[in-house]
$ cat protein.csv   # CSV, N, CA and C atoms
chain,number,residue,atom,x,y,z
H,1,MET,N,-19.3,2.0,56.6
H,1,MET,CA,-19.5,1.0,55.5
H,1,MET,C,-20.6,0.1,55.9
H,2,LEU,N,-21.5,-0.1,54.9
H,2,LEU,CA,-22.6,-1.0,55.2
H,2,LEU,C,-22.1,-2.4,54.9
H,3,HIS,N,-22.5,-3.3,55.7
H,3,HIS,CA,-22.2,-4.7,55.5
H,3,HIS,C,-23.5,-5.5,55.6
H,4,HIS,N,-23.8,-6.2,54.5
H,4,HIS,CA,-25.0,-7.0,54.5
H,4,HIS,C,-24.6,-8.4,54.9
H,5,PRO,N,-25.4,-9.0,55.7
H,5,PRO,CA,-25.1,-10.4,56.2
H,5,PRO,C,-25.2,-11.3,55.0
H,6,GLY,N,-24.3,-12.2,54.9
H,6,GLY,CA,-24.3,-13.3,53.8
H,6,GLY,C,-23.6,-12.8,52.6
H,7,VAL,N,-23.2,-11.5,52.4
H,7,VAL,CA,-22.5,-11.0,51.2
H,7,VAL,C,-21.1,-10.8,51.6
H,8,VAL,N,-20.2,-11.5,50.8
H,8,VAL,CA,-18.8,-11.3,51.1
H,8,VAL,C,-18.2,-10.8,49.8
H,9,SER,N,-17.3,-9.8,49.9
H,9,SER,CA,-16.7,-9.2,48.7
H,9,SER,C,-15.7,-10.2,48.1
H,10,GLY,N,-15.5,-10.1,46.8
H,10,GLY,CA,-14.6,-11.0,46.0
H,10,GLY,C,-13.2,-11.1,46.5
H,11,ALA,N,-12.7,-9.9,47.0
H,11,ALA,CA,-11.3,-9.9,47.4
H,11,ALA,C,-11.1,-10.6,48.7
H,12,THR,N,-12.1,-10.6,49.6
H,12,THR,CA,-12.0,-11.3,50.9
H,12,THR,C,-12.4,-12.7,50.7
H,13,LEU,N,-13.1,-13.1,49.6
H,13,LEU,CA,-13.6,-14.5,49.4
H,13,LEU,C,-12.4,-15.3,49.2
H,14,ASN,N,-11.6,-15.0,48.1
H,14,ASN,CA,-10.4,-15.8,47.8
H,14,ASN,C,-9.4,-14.9,47.1
H,15,PRO,N,-8.3,-14.5,47.8
H,15,PRO,CA,-7.3,-13.6,47.2
H,15,PRO,C,-6.7,-14.2,45.9
H,16,THR,N,-6.5,-15.5,45.8
H,16,THR,CA,-5.9,-16.1,44.7
H,16,THR,C,-6.8,-16.0,43.5
H,17,LEU,N,-8.1,-16.1,43.7
H,17,LEU,CA,-9.1,-15.9,42.6
H,17,LEU,C,-9.0,-14.5,42.0
H,18,SER,N,-8.9,-13.6,42.9
H,18,SER,CA,-8.8,-12.2,42.5
H,18,SER,C,-7.5,-11.9,41.6
H,19,LEU,N,-6.4,-12.5,42.1
H,19,LEU,CA,-5.2,-12.3,41.3
H,19,LEU,C,-5.3,-13.0,39.9
H,20,VAL,N,-5.9,-14.2,39.8
H,20,VAL,CA,-6.0,-14.8,38.5
H,20,VAL,C,-6.9,-14.0,37.6
H,21,SER,N,-8.0,-13.5,38.1
H,21,SER,CA,-8.9,-12.7,37.3
H,21,SER,C,-8.2,-11.4,36.8
H,22,GLU,N,-7.3,-10.8,37.6
H,22,GLU,CA,-6.5,-9.7,37.1
H,22,GLU,C,-5.6,-10.1,35.9
H,23,TRP,N,-4.9,-11.2,36.0
H,23,TRP,CA,-4.1,-11.7,35.0
H,23,TRP,C,-4.9,-12.0,33.7
H,24,LEU,N,-6.0,-12.6,33.9
H,24,LEU,CA,-6.9,-12.9,32.7
H,24,LEU,C,-7.3,-11.7,32.0
H,25,ARG,N,-7.6,-10.6,32.7
H,25,ARG,CA,-7.9,-9.3,32.0
H,25,ARG,C,-6.8,-8.8,31.3
H,26,LEU,N,-5.5,-9.1,31.6
H,26,LEU,CA,-4.3,-8.6,30.9
H,26,LEU,C,-4.0,-9.4,29.6
H,27,LEU,N,-4.6,-10.6,29.5
H,27,LEU,CA,-4.2,-11.5,28.4
H,27,LEU,C,-4.4,-10.8,27.0
H,28,PRO,N,-5.6,-10.2,26.7
H,28,PRO,CA,-5.7,-9.6,25.4
H,28,PRO,C,-4.6,-8.5,25.1
H,29,PHE,N,-4.3,-7.7,26.1
H,29,PHE,CA,-3.3,-6.7,26.0
H,29,PHE,C,-1.9,-7.3,25.7
H,30,LEU,N,-1.6,-8.4,26.5
H,30,LEU,CA,-0.3,-9.0,26.3
H,30,LEU,C,-0.2,-9.7,25.0
H,31,GLY,N,-1.3,-10.3,24.5
H,31,GLY,CA,-1.3,-10.9,23.2
H,31,GLY,C,-1.1,-9.9,22.1
H,32,VAL,N,-1.7,-8.8,22.1
H,32,VAL,CA,-1.5,-7.7,21.1
H,32,VAL,C,0.0,-7.2,21.2
H,33,LEU,N,0.5,-7.1,22.4
H,33,LEU,CA,1.9,-6.6,22.6
H,33,LEU,C,2.9,-7.6,22.0
H,34,ALA,N,2.6,-8.9,22.2
H,34,ALA,CA,3.5,-10.0,21.7
H,34,ALA,C,3.4,-10.0,20.2
H,35,LEU,N,2.3,-9.8,19.6
H,35,LEU,CA,2.1,-9.7,18.1
H,35,LEU,C,2.9,-8.5,17.5
H,36,LEU,N,2.7,-7.4,18.2
H,36,LEU,CA,3.4,-6.2,17.7
H,36,LEU,C,5.0,-6.4,17.8
H,37,GLY,N,5.4,-7.0,18.8
H,37,GLY,CA,6.8,-7.3,19.0
H,37,GLY,C,7.3,-8.2,17.9
H,38,TYR,N,6.6,-9.3,17.6
H,38,TYR,CA,7.0,-10.2,16.6
H,38,TYR,C,7.0,-9.5,15.2
H,39,LEU,N,6.0,-8.7,14.9
H,39,LEU,CA,6.0,-8.0,13.6
H,39,LEU,C,7.1,-7.0,13.5
H,40,ALA,N,7.6,-6.4,14.6
H,40,ALA,CA,8.7,-5.5,14.6
H,40,ALA,C,10.0,-6.2,14.3
H,41,VAL,N,10.2,-7.4,14.8
H,41,VAL,CA,11.4,-8.2,14.8
H,41,VAL,C,11.5,-9.0,13.5
H,42,ARG,N,10.3,-9.4,12.9
H,42,ARG,CA,10.3,-10.3,11.8
H,42,ARG,C,11.2,-9.9,10.6
H,43,PRO,N,11.3,-8.7,10.2
H,43,PRO,CA,12.2,-8.3,9.1
H,43,PRO,C,13.6,-8.6,9.3
H,44,PHE,N,14.0,-8.7,10.6
H,44,PHE,CA,15.4,-9.0,10.9
H,44,PHE,C,15.7,-10.5,11.1
H,45,LEU,N,14.7,-11.3,11.1
H,45,LEU,CA,14.9,-12.8,11.2
H,45,LEU,C,15.5,-13.3,10.0
H,46,PRO,N,16.3,-14.4,10.0
H,46,PRO,CA,16.9,-15.0,8.8
H,46,PRO,C,15.8,-15.6,8.0
H,47,LYS,N,15.9,-15.4,6.6
H,47,LYS,CA,14.9,-15.9,5.7
H,47,LYS,C,15.1,-17.4,5.4
H,48,LYS,N,14.0,-18.1,5.2
H,48,LYS,CA,14.2,-19.5,4.9
H,48,LYS,C,14.7,-19.6,3.5
H,49,LYS,N,15.7,-20.6,3.3
H,49,LYS,CA,16.2,-20.8,2.0
H,49,LYS,C,15.5,-22.0,1.4
H,50,GLN,N,15.4,-21.9,0.1
H,50,GLN,CA,14.7,-23.0,-0.6
H,50,GLN,C,15.6,-24.3,-0.5
H,51,GLN,N,14.9,-25.4,-0.6
H,51,GLN,CA,15.6,-26.7,-0.6
H,51,GLN,C,16.5,-26.8,-1.8
H,52,LYS,N,17.7,-27.4,-1.7
H,52,LYS,CA,18.6,-27.5,-2.8
H,52,LYS,C,18.1,-28.5,-3.8
H,53,ASP,N,17.2,-29.4,-3.4
H,53,ASP,CA,16.6,-30.4,-4.4
H,53,ASP,C,15.3,-29.9,-5.0
H,54,SER,N,15.0,-28.7,-4.8
H,54,SER,CA,13.7,-28.2,-5.4
H,54,SER,C,13.8,-28.0,-6.9
H,55,LEU,N,12.7,-27.8,-7.5
H,55,LEU,CA,12.7,-27.7,-9.0
H,55,LEU,C,13.5,-26.4,-9.4
H,56,ILE,N,14.2,-26.6,-10.5
H,56,ILE,CA,14.9,-25.4,-11.1
H,56,ILE,C,14.0,-24.7,-12.1
H,57,ASN,N,13.4,-25.5,-13.0
H,57,ASN,CA,12.5,-24.9,-14.0
H,57,ASN,C,11.1,-24.7,-13.4
H,58,LEU,N,10.7,-23.5,-13.2
H,58,LEU,CA,9.4,-23.2,-12.6
H,58,LEU,C,8.4,-22.9,-13.6
H,59,LYS,N,8.8,-22.4,-14.8
H,59,LYS,CA,7.7,-21.9,-15.7
H,59,LYS,C,8.0,-22.1,-17.2
H,60,ILE,N,9.2,-22.4,-17.6
H,60,ILE,CA,9.6,-22.5,-19.0
H,60,ILE,C,9.1,-23.8,-19.7
H,61,GLN,N,8.3,-23.7,-20.6
H,61,GLN,CA,7.9,-24.9,-21.4
H,61,GLN,C,7.5,-26.1,-20.5
H,62,LYS,N,6.7,-25.9,-19.5
H,62,LYS,CA,6.3,-27.0,-18.6
H,62,LYS,C,5.5,-28.1,-19.3
H,63,GLU,N,4.9,-27.8,-20.4
H,63,GLU,CA,4.1,-28.8,-21.1
H,63,GLU,C,5.0,-29.8,-21.8
H,64,ASN,N,6.3,-29.6,-22.0
H,64,ASN,CA,7.2,-30.5,-22.6
H,64,ASN,C,7.9,-31.4,-21.6
H,65,PRO,N,8.1,-32.7,-21.9
H,65,PRO,CA,8.8,-33.5,-21.0
H,65,PRO,C,10.3,-33.1,-20.7
H,66,LYS,N,10.9,-32.5,-21.8
H,66,LYS,CA,12.3,-32.0,-21.6
H,66,LYS,C,12.4,-30.8,-22.5
H,67,VAL,N,13.1,-29.7,-21.9
H,67,VAL,CA,13.3,-28.5,-22.7
H,67,VAL,C,14.6,-28.6,-23.4
H,68,VAL,N,14.6,-28.4,-24.7
H,68,VAL,CA,15.8,-28.4,-25.5
H,68,VAL,C,15.8,-27.2,-26.4
H,69,ASN,N,16.9,-26.4,-26.4
H,69,ASN,CA,17.0,-25.3,-27.3
H,69,ASN,C,18.2,-25.5,-28.2
H,70,GLU,N,18.0,-25.3,-29.5
H,70,GLU,CA,19.1,-25.6,-30.4
H,70,GLU,C,19.4,-24.2,-31.1
H,71,ILE,N,20.7,-23.9,-31.1
H,71,ILE,CA,21.2,-22.7,-31.7
H,71,ILE,C,22.3,-23.0,-32.6
H,72,ASN,N,22.2,-22.5,-33.8
H,72,ASN,CA,23.3,-22.7,-34.9
H,72,ASN,C,24.4,-21.8,-34.6
H,73,ILE,N,25.6,-22.4,-34.6
H,73,ILE,CA,26.8,-21.6,-34.2
H,73,ILE,C,27.0,-20.5,-35.3
H,74,GLU,N,26.6,-20.7,-36.5
H,74,GLU,CA,26.8,-19.7,-37.5
H,74,GLU,C,25.9,-18.5,-37.2
H,75,ASP,N,24.9,-18.6,-36.4
H,75,ASP,CA,24.0,-17.5,-36.1
H,75,ASP,C,24.5,-16.7,-34.9
H,76,LEU,N,25.5,-17.1,-34.3
H,76,LEU,CA,26.0,-16.4,-33.1
H,76,LEU,C,26.7,-15.1,-33.5
H,77,CYS,N,26.5,-14.1,-32.7
H,77,CYS,CA,27.3,-12.9,-32.8
H,77,CYS,C,28.7,-13.2,-32.1
H,78,LEU,N,29.5,-12.3,-31.8
H,78,LEU,CA,30.8,-12.6,-31.2
H,78,LEU,C,30.6,-13.3,-29.8
H,79,THR,N,29.8,-12.8,-28.9
H,79,THR,CA,29.6,-13.4,-27.6
H,79,THR,C,28.1,-13.4,-27.2
H,80,LYS,N,27.7,-14.5,-26.6
H,80,LYS,CA,26.3,-14.6,-26.2
H,80,LYS,C,26.2,-15.4,-24.9
H,81,ALA,N,25.4,-14.9,-23.9
H,81,ALA,CA,25.3,-15.6,-22.6
H,81,ALA,C,23.9,-16.3,-22.6
H,82,TYR,N,23.8,-17.6,-22.3
H,82,TYR,CA,22.6,-18.3,-22.3
H,82,TYR,C,22.2,-18.7,-20.8
H,83,CYS,N,21.0,-18.7,-20.5
H,83,CYS,CA,20.5,-19.0,-19.1
H,83,CYS,C,20.6,-20.4,-18.8
H,84,ARG,N,21.1,-20.7,-17.5
H,84,ARG,CA,21.1,-22.1,-17.0
H,84,ARG,C,20.3,-22.2,-15.7
H,85,CYS,N,19.7,-21.1,-15.2
H,85,CYS,CA,19.0,-21.1,-14.0
H,85,CYS,C,17.5,-21.2,-14.2
H,86,TRP,N,17.0,-21.1,-15.4
H,86,TRP,CA,15.6,-21.1,-15.7
H,86,TRP,C,14.8,-20.0,-15.2
H,87,ARG,N,15.4,-18.9,-14.7
H,87,ARG,CA,14.6,-17.8,-14.1
H,87,ARG,C,14.6,-16.6,-15.1
H,88,SER,N,15.3,-16.7,-16.2
H,88,SER,CA,15.5,-15.5,-17.1
H,88,SER,C,14.1,-15.2,-17.7
H,89,LYS,N,13.8,-13.9,-17.7
H,89,LYS,CA,12.6,-13.4,-18.4
H,89,LYS,C,12.8,-13.4,-19.9
H,90,THR,N,14.0,-13.5,-20.4
H,90,THR,CA,14.3,-13.5,-21.8
H,90,THR,C,14.9,-14.9,-22.2
H,91,PHE,N,14.5,-15.9,-21.5
H,91,PHE,CA,15.0,-17.3,-21.8
H,91,PHE,C,14.9,-17.6,-23.3
H,92,PRO,N,15.8,-18.2,-23.9
H,92,PRO,CA,17.0,-18.8,-23.4
H,92,PRO,C,18.2,-17.9,-23.1
H,93,VAL,N,18.1,-16.6,-23.4
H,93,VAL,CA,19.2,-15.7,-23.2
H,93,VAL,C,19.2,-15.2,-21.8
H,94,CYS,N,20.4,-15.2,-21.2
H,94,CYS,CA,20.5,-14.8,-19.8
H,94,CYS,C,20.2,-13.3,-19.6
H,95,ASP,N,19.5,-13.0,-18.5
H,95,ASP,CA,19.2,-11.7,-18.1
H,95,ASP,C,19.8,-11.4,-16.7
H,96,GLY,N,20.6,-12.3,-16.1
H,96,GLY,CA,21.2,-12.1,-14.8
H,96,GLY,C,20.3,-12.5,-13.7
H,97,SER,N,19.2,-13.2,-13.9
H,97,SER,CA,18.3,-13.7,-12.9
H,97,SER,C,19.0,-14.7,-11.9
H,98,HIS,N,20.0,-15.3,-12.4
H,98,HIS,CA,20.7,-16.3,-11.6
H,98,HIS,C,21.3,-15.7,-10.3
H,99,ASN,N,21.6,-14.4,-10.4
H,99,ASN,CA,22.2,-13.7,-9.2
H,99,ASN,C,21.2,-13.8,-8.0
H,100,LYS,N,20.0,-13.5,-8.2
H,100,LYS,CA,19.0,-13.5,-7.2
H,100,LYS,C,18.7,-15.0,-6.7
H,101,HIS,N,18.7,-15.9,-7.7
H,101,HIS,CA,18.5,-17.3,-7.4
H,101,HIS,C,19.7,-17.8,-6.5
H,102,ASN,N,20.9,-17.4,-6.8
H,102,ASN,CA,22.1,-17.8,-6.0
H,102,ASN,C,22.0,-17.3,-4.6
H,103,GLU,N,21.6,-16.0,-4.5
H,103,GLU,CA,21.5,-15.4,-3.2
H,103,GLU,C,20.4,-16.0,-2.3
H,104,LEU,N,19.3,-16.4,-2.9
H,104,LEU,CA,18.2,-17.1,-2.1
H,104,LEU,C,18.5,-18.5,-1.7
H,105,THR,N,19.2,-19.2,-2.6
H,105,THR,CA,19.4,-20.7,-2.4
H,105,THR,C,20.8,-21.1,-2.0
H,106,GLY,N,21.8,-20.2,-2.1
H,106,GLY,CA,23.1,-20.6,-1.8
H,106,GLY,C,23.8,-21.3,-3.0
H,107,ASP,N,23.1,-21.4,-4.1
H,107,ASP,CA,23.5,-22.1,-5.3
H,107,ASP,C,24.7,-21.3,-6.0
H,108,ASN,N,25.3,-21.8,-7.0
H,108,ASN,CA,26.4,-21.1,-7.7
H,108,ASN,C,26.2,-21.1,-9.2
H,109,VAL,N,25.0,-21.2,-9.7
H,109,VAL,CA,24.7,-21.4,-11.1
H,109,VAL,C,25.0,-20.0,-11.8
H,110,GLY,N,25.5,-20.1,-13.0
H,110,GLY,CA,25.8,-19.0,-13.8
H,110,GLY,C,25.4,-19.3,-15.3
H,111,PRO,N,25.6,-18.3,-16.2
H,111,PRO,CA,25.2,-18.5,-17.6
H,111,PRO,C,26.2,-19.4,-18.3
H,112,LEU,N,25.7,-19.9,-19.5
H,112,LEU,CA,26.6,-20.6,-20.4
H,112,LEU,C,27.0,-19.5,-21.4
H,113,ILE,N,28.3,-19.2,-21.6
H,113,ILE,CA,28.7,-18.2,-22.5
H,113,ILE,C,29.4,-18.8,-23.7
H,114,LEU,N,28.8,-18.5,-24.8
H,114,LEU,CA,29.3,-19.0,-26.1
H,114,LEU,C,30.0,-17.8,-26.8
H,115,LYS,N,31.2,-18.1,-27.3
H,115,LYS,CA,32.0,-17.1,-28.0
H,115,LYS,C,32.3,-17.6,-29.4
H,116,LYS,N,32.2,-16.8,-30.4
H,116,LYS,CA,32.5,-17.1,-31.7
H,116,LYS,C,34.0,-16.7,-31.9
H,117,LYS,N,34.8,-17.7,-32.4
H,117,LYS,CA,36.2,-17.4,-32.7
H,117,LYS,C,36.3,-16.3,-33.7
H,118,GLU,N,37.2,-15.4,-33.5
H,118,GLU,CA,37.4,-14.3,-34.5
H,118,GLU,C,38.5,-14.9,-35.4
H,119,VAL,N,38.2,-14.8,-36.7
H,119,VAL,CA,39.1,-15.4,-37.7
H,119,VAL,C,40.1,-14.4,-38.2

$ encode --input "protein.csv" --output "structure tokens"
Amino acid sequence: MLHHPGVVSGATLNPTLSLVSEWLRLLPFLGVLALLGYLAVRPFLPKKKQQKDSLINLKIQKENPKVVNEINIEDLCLTKAYCRCWRSKTFPVCDGSHNKHNELTGDNVGPLILKKKEV
């Protein structure tokens, strides 16, 4: 082995420096490994629930200061369910969207059911 005067190899210069440089070379690999682990576990983590004081009406008649629907009782068929969660795509008629809302928020909202008395 040839040894040049004044030249010292990195390993013999400072063993601690060599160990640190080896760990630094591993950082990108460890970062990618941590990211893949997180992405694999994320679907099983509990989902964040919406705040209970958040808006109920997200899109129905937002230009109005208050949404009011009037229905004449004479126009009712025997039974009709009306939305109270504001998520129905057929608003004001209930389409069952409250089920998903309740599951996401822990709420217990349901439809308003109007029945016409049979004479």

$ atom_distance --input "protein.csv" --atom1 "atom CA of H:Asp107" --atom2 "atom CA of H:Thr79"
24.7 Å

$ atom_distance --input "protein.csv" --atom1 "atom CA of H:Leu114" --atom2 "atom CA of H:Lys80"
5.3 Å

$ atom_distance --input "protein.csv" --atom1 "atom C of H:Val67" --atom2 "atom CA of H:Glu118"
29.1 Å

$ closest_residue --input "protein.csv" --among "H:Gly31, H:Leu58, H:Ser18, H:Ala81" --to "H:Ile113" --atoms "only N, CA and C atoms"
H:Ala81

$ closest_residue --input "protein.csv" --among "H:Asn57, H:Asn108, H:Asn64, H:Asn69" --to "H:Arg87" --atoms "all atoms listed in the file"
H:Asn57

$ residues_around --input "protein.csv" --residues "H:Cys83" --least-positions-apart "2" --cutoff "6 Å" --atoms "all atoms listed in the file" --output "list in words"
Ala81, Cys85, Trp86, Pro92, Val93, Cys94, Pro111 and Leu112 of chain H

$ write_last_selection --input "protein.csv" --atoms "N, CA and C atoms" --output "PDB file, keeping the file's coordinate frame"
ATOM      1  N   ALA H  81      25.400 -14.900 -23.900  1.00  0.00           N
ATOM      2  CA  ALA H  81      25.300 -15.600 -22.600  1.00  0.00           C
ATOM      3  C   ALA H  81      23.900 -16.300 -22.600  1.00  0.00           C
ATOM      4  N   CYS H  85      19.700 -21.100 -15.200  1.00  0.00           N
ATOM      5  CA  CYS H  85      19.000 -21.100 -14.000  1.00  0.00           C
ATOM      6  C   CYS H  85      17.500 -21.200 -14.200  1.00  0.00           C
ATOM      7  N   TRP H  86      17.000 -21.100 -15.400  1.00  0.00           N
ATOM      8  CA  TRP H  86      15.600 -21.100 -15.700  1.00  0.00           C
ATOM      9  C   TRP H  86      14.800 -20.000 -15.200  1.00  0.00           C
ATOM     10  N   PRO H  92      15.800 -18.200 -23.900  1.00  0.00           N
ATOM     11  CA  PRO H  92      17.000 -18.800 -23.400  1.00  0.00           C
ATOM     12  C   PRO H  92      18.200 -17.900 -23.100  1.00  0.00           C
ATOM     13  N   VAL H  93      18.100 -16.600 -23.400  1.00  0.00           N
ATOM     14  CA  VAL H  93      19.200 -15.700 -23.200  1.00  0.00           C
ATOM     15  C   VAL H  93      19.200 -15.200 -21.800  1.00  0.00           C
ATOM     16  N   CYS H  94      20.400 -15.200 -21.200  1.00  0.00           N
ATOM     17  CA  CYS H  94      20.500 -14.800 -19.800  1.00  0.00           C
ATOM     18  C   CYS H  94      20.200 -13.300 -19.600  1.00  0.00           C
ATOM     19  N   PRO H 111      25.600 -18.300 -16.200  1.00  0.00           N
ATOM     20  CA  PRO H 111      25.200 -18.500 -17.600  1.00  0.00           C
ATOM     21  C   PRO H 111      26.200 -19.400 -18.300  1.00  0.00           C
ATOM     22  N   LEU H 112      25.700 -19.900 -19.500  1.00  0.00           N
ATOM     23  CA  LEU H 112      26.600 -20.600 -20.400  1.00  0.00           C
ATOM     24  C   LEU H 112      27.000 -19.500 -21.400  1.00  0.00           C
TER      25      LEU H 112
END

$ build_atoms --input "protein.csv" --residues "stretch 95-104 of chain H" --atoms "all heavy atoms" --output "tab-separated table (two decimals), in the coordinates of the input"
chain	number	residue	atom	x	y	z
H	95	ASP	N	19.50	-13.00	-18.50
H	95	ASP	CA	19.20	-11.70	-18.10
H	95	ASP	C	19.80	-11.40	-16.70
H	95	ASP	O	19.49	-10.33	-16.10
H	95	ASP	CB	17.76	-11.32	-18.17
H	95	ASP	CG	16.91	-12.04	-17.12
H	95	ASP	OD1	17.47	-12.87	-16.37
H	95	ASP	OD2	15.70	-11.79	-17.07
H	96	GLY	N	20.60	-12.30	-16.10
H	96	GLY	CA	21.20	-12.10	-14.80
H	96	GLY	C	20.30	-12.50	-13.70
H	96	GLY	O	20.68	-12.31	-12.50
H	97	SER	N	19.20	-13.20	-13.90
H	97	SER	CA	18.30	-13.70	-12.90
H	97	SER	C	19.00	-14.70	-11.90
H	97	SER	O	18.54	-14.86	-10.79
H	97	SER	CB	17.05	-14.29	-13.45
H	97	SER	OG	16.31	-13.34	-14.15
H	98	HIS	N	20.00	-15.30	-12.40
H	98	HIS	CA	20.70	-16.30	-11.60
H	98	HIS	C	21.30	-15.70	-10.30
H	98	HIS	O	21.51	-16.35	-9.30
H	98	HIS	CB	21.82	-17.04	-12.37
H	98	HIS	CG	22.86	-16.13	-12.94
H	98	HIS	ND1	22.70	-15.49	-14.15
H	98	HIS	CD2	24.05	-15.74	-12.45
H	98	HIS	CE1	23.76	-14.75	-14.40
H	98	HIS	NE2	24.59	-14.89	-13.38
H	99	ASN	N	21.60	-14.40	-10.40
H	99	ASN	CA	22.20	-13.70	-9.20
H	99	ASN	C	21.20	-13.80	-8.00
H	99	ASN	O	21.64	-14.09	-6.88
H	99	ASN	CB	22.55	-12.25	-9.52
H	99	ASN	CG	23.68	-12.17	-10.52
H	99	ASN	OD1	24.64	-12.92	-10.45
H	99	ASN	ND2	23.56	-11.27	-11.47
H	100	LYS	N	20.00	-13.50	-8.20
H	100	LYS	CA	19.00	-13.50	-7.20
H	100	LYS	C	18.70	-15.00	-6.70
H	100	LYS	O	18.63	-15.26	-5.53
H	100	LYS	CB	17.65	-12.90	-7.63
H	100	LYS	CG	16.61	-12.83	-6.54
H	100	LYS	CD	15.36	-12.13	-7.00
H	100	LYS	CE	14.34	-12.08	-5.88
H	100	LYS	NZ	13.09	-11.46	-6.29
H	101	HIS	N	18.70	-15.90	-7.70
H	101	HIS	CA	18.50	-17.30	-7.40
H	101	HIS	C	19.70	-17.80	-6.50
H	101	HIS	O	19.43	-18.45	-5.46
H	101	HIS	CB	18.49	-18.14	-8.67
H	101	HIS	CG	18.68	-19.61	-8.46
H	101	HIS	ND1	17.69	-20.43	-7.98
H	101	HIS	CD2	19.77	-20.40	-8.64
H	101	HIS	CE1	18.16	-21.67	-7.88
H	101	HIS	NE2	19.42	-21.67	-8.28
H	102	ASN	N	20.90	-17.40	-6.80
H	102	ASN	CA	22.10	-17.80	-6.00
H	102	ASN	C	22.00	-17.30	-4.60
H	102	ASN	O	22.32	-17.93	-3.63
H	102	ASN	CB	23.35	-17.41	-6.70
H	102	ASN	CG	23.63	-18.22	-7.95
H	102	ASN	OD1	23.05	-19.26	-8.18
H	102	ASN	ND2	24.54	-17.71	-8.77
H	103	GLU	N	21.60	-16.00	-4.50
H	103	GLU	CA	21.50	-15.40	-3.20
H	103	GLU	C	20.40	-16.00	-2.30
H	103	GLU	O	20.65	-16.25	-1.13
H	103	GLU	CB	21.10	-13.88	-3.40
H	103	GLU	CG	21.08	-13.07	-2.14
H	103	GLU	CD	20.73	-11.62	-2.41
H	103	GLU	OE1	21.27	-11.04	-3.37
H	103	GLU	OE2	19.88	-11.09	-1.68
H	104	LEU	N	19.30	-16.40	-2.90
H	104	LEU	CA	18.20	-17.10	-2.10
H	104	LEU	C	18.50	-18.50	-1.70
H	104	LEU	O	18.13	-18.94	-0.66
H	104	LEU	CB	16.91	-17.01	-2.91
H	104	LEU	CG	16.26	-15.65	-3.09
H	104	LEU	CD1	15.07	-15.74	-4.02
H	104	LEU	CD2	15.84	-15.09	-1.74
